[in-house]
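Chemist: Take a look at the following structure, please.
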Amino acid sequence: MKHGLKKRSSKSGLPPGTPVHIGQQRTDTVTMTVCTYSGKDFHEQDTSHVDECLALAKKPGIRWVAVHGIHQIEILQRLASSFGLHPLVLEDIANTEQRPKVEDYGEYLFVVLKGLHLKEETSEITVEQVSLVLGQDFVLSFQEGSGKILQAVRERLRNGKGRVRTLGSDYLAYTLTDAVVDHYFAVLEHLGEHIERLEEELVTNPGAEALQALHRLKRDMIVLRKAVWPLREVIGHFERGDSPLIKPSTLIYFRDVYDHTIQVIETTETFRDMLAGMLDIYLTTLSNRLNETMKVLTVIATIFIPLTLIASIYGMNFRHMPELEWPWGYPAVLVVMGSLAAGMLWLFRRKNWM
Amino acid sequence: MKHGLKKRSSKSGLPPGTPVHIGQQRTDTVTMTVCTYSGKDFHEQDTSHVDECLALAKKPGIRWVAVHGIHQIEILQRLASSFGLHPLVLEDIANTEQRPKVEDYGEYLFVVLKGLHLKEETSEITVEQVSLVLGQDFVLSFQEGSGKILQAVRERLRNGKGRVRTLGSDYLAYTLTDAVVDHYFAVLEHLGEHIERLEEELVTNPGAEALQALHRLKRDMIVLRKAVWPLREVIGHFERGDSPLIKPSTLIYFRDVYDHTIQVIETTETFRDMLAGMLDIYLTTLSNRLNETMKVLTVIATIFIPLTLIASIYGMNFRHMPELEWPWGYPAVLVVMGSLAAGMLWLFRRKNWM
Amino acid sequence: MKHGLKKRSSKSGLPPGTPVHIGQQRTDTVTMTVCTYSGKDFHEQDTSHVDECLALAKKPGIRWVAVHGIHQIEILQRLASSFGLHPLVLEDIANTEQRPKVEDYGEYLFVVLKGLHLKEETSEITVEQVSLVLGQDFVLSFQEGSGKILQAVRERLRNGKGRVRTLGSDYLAYTLTDAVVDHYFAVLEHLGEHIERLEEELVTNPGAEALQALHRLKRDMIVLRKAVWPLREVIGHFERGDSPLIKPSTLIYFRDVYDHTIQVIETTETFRDMLAGMLDIYLTTLSNRLNETMKVLTVIATIFIPLTLIASIYGMNFRHMPELEWPWGYPAVLVVMGSLAAGMLWLFRRKNWM
Amino acid sequence: MKHGLKKRSSKSGLPPGTPVHIGQQRTDTVTMTVCTYSGKDFHEQDTSHVDECLALAKKPGIRWVAVHGIHQIEILQRLASSFGLHPLVLEDIANTEQRPKVEDYGEYLFVVLKGLHLKEETSEITVEQVSLVLGQDFVLSFQEGSGKILQAVRERLRNGKGRVRTLGSDYLAYTLTDAVVDHYFAVLEHLGEHIERLEEELVTNPGAEALQALHRLKRDMIVLRKAVWPLREVIGHFERGDSPLIKPSTLIYFRDVYDHTIQVIETTETFRDMLAGMLDIYLTTLSNRLNETMKVLTVIATIFIPLTLIASIYGMNFRHMPELEWPWGYPAVLVVMGSLAAGMLWLFRRKNWM
Amino acid sequence: MKHGLKKRSSKSGLPPGTPVHIGQQRTDTVTMTVCTYSGKDFHEQDTSHVDECLALAKKPGIRWVAVHGIHQIEILQRLASSFGLHPLVLEDIANTEQRPKVEDYGEYLFVVLKGLHLKEETSEITVEQVSLVLGQDFVLSFQEGSGKILQAVRERLRNGKGRVRTLGSDYLAYTLTDAVVDHYFAVLEHLGEHIERLEEELVTNPGAEALQALHRLKRDMIVLRKAVWPLREVIGHFERGDSPLIKPSTLIYFRDVYDHTIQVIETTETFRDMLAGMLDIYLTTLSNRLNETMKVLTVIATIFIPLTLIASIYGMNFRHMPELEWPWGYPAVLVVMGSLAAGMLWLFRRKNWM
């Protein structure tokens, strides 16, 4: 996860409303999936031709056009003009650096969400921009990649499970939003386990790698937070029921997503607190170890340096050193040394240094 | 206390309103206790059959159905359809990862609270979700475990003490909420004593175990806070009297619980502040000790290393070293060494190093 | 000052509105002082019999019943029933763990304040709960101890100084509140001097006692803050003039107390900031000292260890060591050692290490 | 700058509205300057007799009475009764511990501001309370000292520069407020330069004096902040135009002062941030230096201690030590020692330790 | 980037509305560019004579007068009187220390923005004040320097690209604001790369220069924040559509700039968080290294000091030391020394110290 300013500057100087793709290309070709349904009827088709897509989207009933890949500006422009989208909406769809937001254009609502993907093996989190346009009887969804996040909704439509087919486009927008928020829980669970493993490692084996991992997690939290916090406002907008596009009966469902969003935000904050606490623990553990090391050094030095002095004294070459002549001089010195060392050790024990 | 994301992800992809039990199973079988009362009349019965329970709950008067155990979805579904609960309510009751909240469904209020249990011997705190549904003349309560928290209310109903039997379902909801909040004080008292013992230990014997205990307490505070903070909003909702289900005469009692909640929150914050201060003290104590250790080492090294040099000099084997021949050479060197050491000691004393 | 959760849990399970004394008993017997006045007339009497008190409180004019000691529940109950107080008010008066608050019961206002006492010799701060009930023409005050805080108001009533006798019960409530807030300044002044003395000590003689004192002060601030912050809201309630019991002409006086409260809060925050700054200073001073100690050790070791090596080399017993035979060998080695030491010293001076 | 609680406690127990001078006396005698003007006419006179002052203030036109010195309560009382001020206003004027505030008494506005003085040579900042009373056609200003802060306004009135003479008392109040806020910039500039000098010193010569200076600056910021923050609210009150005493045409000028106040507050916050950053830098620099010191010690010890061991080994007096007899033993040992030292040095270089 | 208080104090004492240039002079002569357009017509001319400029600005259609250089007060005064600007507006244009703000003067809006310039080679960020005056059919822009920031807008007008020529002065004001905000992204991108490079350096080669760079970046963030935060309020003012000068159709564009502003603010906050995290990492890395150094020292000392003692003991000159006579004494001592060293090494390995 980077700080999220890729090549935004390449756009500066262009007139507003000029769509420019900003972000990484994640699919080779842009594909579109058009689902149309009304109660019992359900029709689904994949295509990579925008004309075919527009023809399909003319059918009666609720229509959901899912676009996978946003790097072909001309496709976006055809769709936008067909559905009557404002140039600024088009610009925002193509620019993956939007923050989550909702904008009311009267005839349609434009919503930007951030989907999270987790690459299990490397614990890497990638952010995918998911843009939704909710009209009276259609929903457009734009994703950067292949659309894994919204796949479950398509399944449910296909199988006719739940009430999704019998309700309007606002309920579809809710299920899509819910699918995005639901994916957060998987990422948070993974992060939670990661944090717990790291916590254990910090206590048993605090080293530079653990510190690096802690730092990476802290940065992940910064980026995660940036993706999640504005969601509160976005979904709160739905829940307050400001737009006539959202029917009152759907409000209760948005309240449910709102609850989930709050839960995601709180968990993120809890993780931040936990990581802050872990850094404190790490630093304190380091201080503790330094103290232990210094005590060992001090004990060794304090015991052996005086003994070495005694040995050195009797190594002096003065002609007149009466002790050297004593028959018991040598053992006496050894005894003195031994008792000195023992005394020191006793002292350190008493001072609780060993 | 874990971070509270157990197997939430197992649910992702399911249509909304699908009840799935998320959490630990804490009772073997689900039991229900039905109390019906109206002034003098009082009837109480335990059952583990949902049909019997529903039959009992048809009696006139105020009815309180207490469900212990939420892992049998079919029982919850039967109750929900009998009392006309929304599928989302059912889903939230079964999912123990809800945050405390209140939701107004018009005909009934749905309240999620978090009860705290303290295992005295291990100082371990466990969180139990307590969901309440308050209708015109009934209260449903759902607990994960055996219902110890709400036991006192049942006693009071049984004995007819206080005014609880003569008042409506809103007063019953109040007493249940009050019982949950009252339990917090026991937990906080225990934590308070724990913090004070730890504080003393940190001063007298700061070590790795004290640090671990401090860390555990800090994490407990994070989880406790997450359980307690949203309560303010929840009970504030009651106290403002937004719902016609709460009679004006009951509002004053909810104001009382609101006060208790604020007190719980403030105590939690005070504990957090105290723990933060204790970590500061711990780190400063460590620094102090390191300083002391280093002073000891420095004093030893500064006194003995020069003396050893002198001894080594007179241990050299030069042929022409006049001092070696002097009859008083040896005692003179000893005197020089002694006075050097004494001078050093005097210097360190004056510099306040010993 | 403790964290303030004494035996609250002993109450859990009792029905709401059951008065239980929670807190320390601070007087042997409960005494009551009844003052009645109306312009010129003034009557004051002490009693420890609740019947006599109630008889006195029946006189016309403004009546102030000051109760000293709240551990005899039956006295409180008699007073409460005589003045028509709600059971929850009675419960709160007896429980000294209330946070400062104001509650409007229509016919009377119930106010909880926290008085601060300072034991000069030990710098110990004790908190006393002061509850006021303000009715149309009476004020009840409940204190845990002997009532020193409100003594000055009684003197003023007795002497007829100021306008207090000519104005209503709301003005009396104001003077009582003012008396409580005024006492804070004495405590804050004392703390301010304490902080300044400690600051000086931290610079001149930073040790474990100073750290302990700093820690104690920080904890005092935590508790003080808890007592003072809610006051803002309480007195703000008066100042906004929401209750008809407060006459418009008295509002201006409550605005004055509000100002004082803000000043107390700001001073508390300033003290907190100062204490945080002092801990920083302390830690930095410790680091500085450690640096100094390590420099001394390094200088000593760096100068003497190489000299000792030289001496040891010429102490070796090789048969063929030509230098040993030179007549000027010994003085030459001494000169080399001296110049080496001088060179090192010069180097350390230049590196600004000494 | 002290914490600002001088002898407030001396007042406790007195009835409200009793004016008591709290603060330092900064002038010997109280002097008053009365300016009266209306378009072309302008009259200015200094006096130290309150009767003369009151006579002068009876003239027609806009009248500005500037009082220098607030320690003579009787003068304040004469003025207050002449201009119809409330006793609480009088009390607040005499008490220099007020926080900046504005109070609307209907017929007049009472404003408390804090003027800052800078003693250039010692960088000492002193706070002077400036109280303003704005009536329909008069302004009273009360200062503790000789009135340097408002001097420029008097000059402008005298010279008739700007529009001040042609506008009402509200515009005069604005110019006085502006003069007080303008003085802040000089103080902030000085502090800014001080901070920059200190920052340089912390990098080049971090020592105890720099730390003390940093600490003093931090405390200055605490007190400065206390003086400046409430100003936002005070001047915001004027700018919102709540009082009929402020004419709409003057509002735009108060908006300008409001802007300046925000700028002062932001600069104060920026300084606080910078000082916090500097403490971080200081601590990190200390850690860096300790690391360097320890590396030097470690390098010295690691190189010389093994060499000393070798020398000591060949200083042993065993009868059978074949090396001692070798003709090249001595040079061989020297070569071994030299290469050992060189190897160590090479190792340390490679590990980037030197 | 300095703290931004240059010579503000030179102004204190002057009457309000006196324009004084505060800031650095960045151009030699003041030049003006006048663009007039209405649909197809477009006329652009540079001039350095204010009379010519005013004559050009009398043409019909939308007029944009861009002033480059604000140090010649008389030119500003001529323009101000010609376009009917308030003296306070003039004063604010000339003073480059304004914070971003918008002021509604009824007939025109006065906007202060802060443009950021980046000197690529030194990574130095300079702040340029950009003031806009938006009238019914004119826009005045004032810049300190040569106007690079608004150059792109002029190009677009010239080429007739986009809708800018067909829309009113409010759309022009929007494009100018957008151009200023667009420039922020370039600066943020550069800072982002700088931060990432620094982060890598802190891990691989943490030293004093990295610390200095970190400190500089932190200070840059403080100043950047000061420039960017108030923008939210400024552009929010436009977006709310409070002024009749902004047509409803333009509001949607201001909402777009508002989004960009929020994105800039969030990125700034993210950078601040990242820099705070990096300082933590740096300090922890230092502690780690100190620990490593101390371990090396301790291992060396603990291994060699006891061996030196043994060698010194057998260097003593006692007459009766039986070991010295043993034929295998010398090798035995060497073996003892070797095994002692090996044992120590084994112990340190086991304790994970090496």
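Residue numbers start at 1 in each chain; chains themselves are named A, B, ... in the order of the structure tokens; ligands are numbered from 1 in the order shown.
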For D:Ile281, please output as number ranges by chain all residues within 9 Å (counting only C-alpha atoms; exclusion window: fewer than 5 positions along the same chain).

Modeler: D: 202-203, 276, 286; E: 211-212, 215

Chemist: With all heavy atoms retained, could you export that selection as a short mmCIF file (atom, residue, chain, number, x, y, z; two decimals), in the first residue's frame?

Modeler:
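This is the output file part_6.cif:
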data_model
loop_
_atom_site.label_atom_id
_atom_site.label_comp_id
_atom_site.auth_asym_id
_atom_site.auth_seq_id
_atom_site.Cartn_x
_atom_site.Cartn_y
_atom_site.Cartn_z
N LEU D 202 20.41 23.89 19.33
CA LEU D 202 20.14 22.49 19.72
C LEU D 202 20.90 21.53 18.81
O LEU D 202 21.31 20.45 19.24
CB LEU D 202 18.65 22.18 19.62
CG LEU D 202 17.80 22.54 20.83
CD1 LEU D 202 16.37 22.11 20.61
CD2 LEU D 202 18.34 21.88 22.08
N VAL D 203 21.08 21.92 17.55
CA VAL D 203 21.79 21.04 16.62
C VAL D 203 23.29 21.15 16.82
O VAL D 203 24.01 20.15 16.87
CB VAL D 203 21.39 21.38 15.16
CG1 VAL D 203 22.28 20.65 14.18
CG2 VAL D 203 19.94 21.03 14.94
N ALA D 276 7.66 21.12 20.12
CA ALA D 276 7.54 19.68 20.35
C ALA D 276 8.51 18.93 19.44
O ALA D 276 9.21 18.01 19.87
CB ALA D 276 6.10 19.22 20.08
N LEU D 286 20.62 13.25 21.47
CA LEU D 286 21.25 12.66 22.66
C LEU D 286 21.47 11.16 22.46
O LEU D 286 22.56 10.64 22.75
CB LEU D 286 20.38 12.88 23.89
CG LEU D 286 20.45 14.23 24.58
CD1 LEU D 286 19.63 14.19 25.86
CD2 LEU D 286 21.88 14.63 24.90
N LEU E 211 18.12 12.39 10.10
CA LEU E 211 17.32 13.03 11.15
C LEU E 211 17.01 14.47 10.78
O LEU E 211 15.89 14.95 10.94
CB LEU E 211 18.09 12.96 12.48
CG LEU E 211 17.35 13.50 13.69
CD1 LEU E 211 16.13 12.67 13.97
CD2 LEU E 211 18.25 13.53 14.89
N GLN E 212 18.05 15.17 10.28
CA GLN E 212 17.84 16.56 9.86
C GLN E 212 16.78 16.65 8.76
O GLN E 212 15.92 17.51 8.77
CB GLN E 212 19.16 17.18 9.37
CG GLN E 212 20.13 17.51 10.49
CD GLN E 212 19.59 18.61 11.38
OE1 GLN E 212 19.03 19.59 10.90
NE2 GLN E 212 19.68 18.44 12.68
N HIS E 215 13.39 16.14 10.17
CA HIS E 215 12.97 17.33 10.88
C HIS E 215 12.50 18.41 9.90
O HIS E 215 11.47 19.05 10.10
CB HIS E 215 14.13 17.84 11.72
CG HIS E 215 13.78 18.97 12.60
ND1 HIS E 215 12.67 18.97 13.40
CD2 HIS E 215 14.37 20.17 12.80
CE1 HIS E 215 12.62 20.10 14.07
NE2 HIS E 215 13.63 20.86 13.71
#

Chemist: Based on the backbone DSSP call, show me all residues of stretch 66-286 of chain C assigned helix (DSSP H, G or I), as a PyMOL selection string.

Modeler: chain C and resi 73-83+87-94+151-159+164-166+169-204+208-239+248-286

Chemist: Could you list, as a ChimeraX atom specification, every residue within 9 Å of B:His260, counting only C-alpha atoms and ignoring same-chain residues fewer than 3 positions away?

Modeler: /B:178,181-182,255-257,263-265 /C:98

Chemist: Please indicate the distance in Å from atom CA of C:Leu297 to atom CA of E:Leu279, rounded to one decimal place.

Modeler: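 Rounded to one decimal, the two atoms are 29.2 Å apart.
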
Chemist: Compile the residues of chain C that lie within 8 Å of chain D, evaluated using only C-alpha atoms, and express the compilation as a PyMOL selection string.

Modeler: chain C and resi 152-153+156+161-162+179+182-183+185-186+188-189+192+253+256+263+266-267+270+273-274+277+281+284-285+287-288+291+294-295+298+301-302+305-306+308-309+312-313+315-321

Chemist: Using DSSP on the backbone, list every residue of stretch 115-231 of chain E that comes out as strand (DSSP E or B), and give them as a list in words.

Modeler: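 Here are the strand (DSSP E or B) residues of stretch 115-231 of chain E: Gly115, Leu116, His117, Leu118, Lys119, Glu124, Ile125, Thr126, Val127, Glu128, Gln129, Val130, Ser131, Leu132, Val133, Leu134, Phe138, Val139, Leu140, Ser141, Phe142 and Gln143 of chain E.
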
Chemist: Atom CA of B:Val187 to atom CA of B:His117: how many Å, to one decimal?

Modeler: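 Spanning atom CA of B:Val187 to atom CA of B:His117 is a straight-line distance of 7.4 Å.
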
Chemist: Between atom CA of C:Ser339 and atom CA of B:Trp346, what distance in Å does the model show, to one decimal?

Modeler: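 Interatomic distance, atom CA of C:Ser339 to atom CA of B:Trp346: 27.3 Å.
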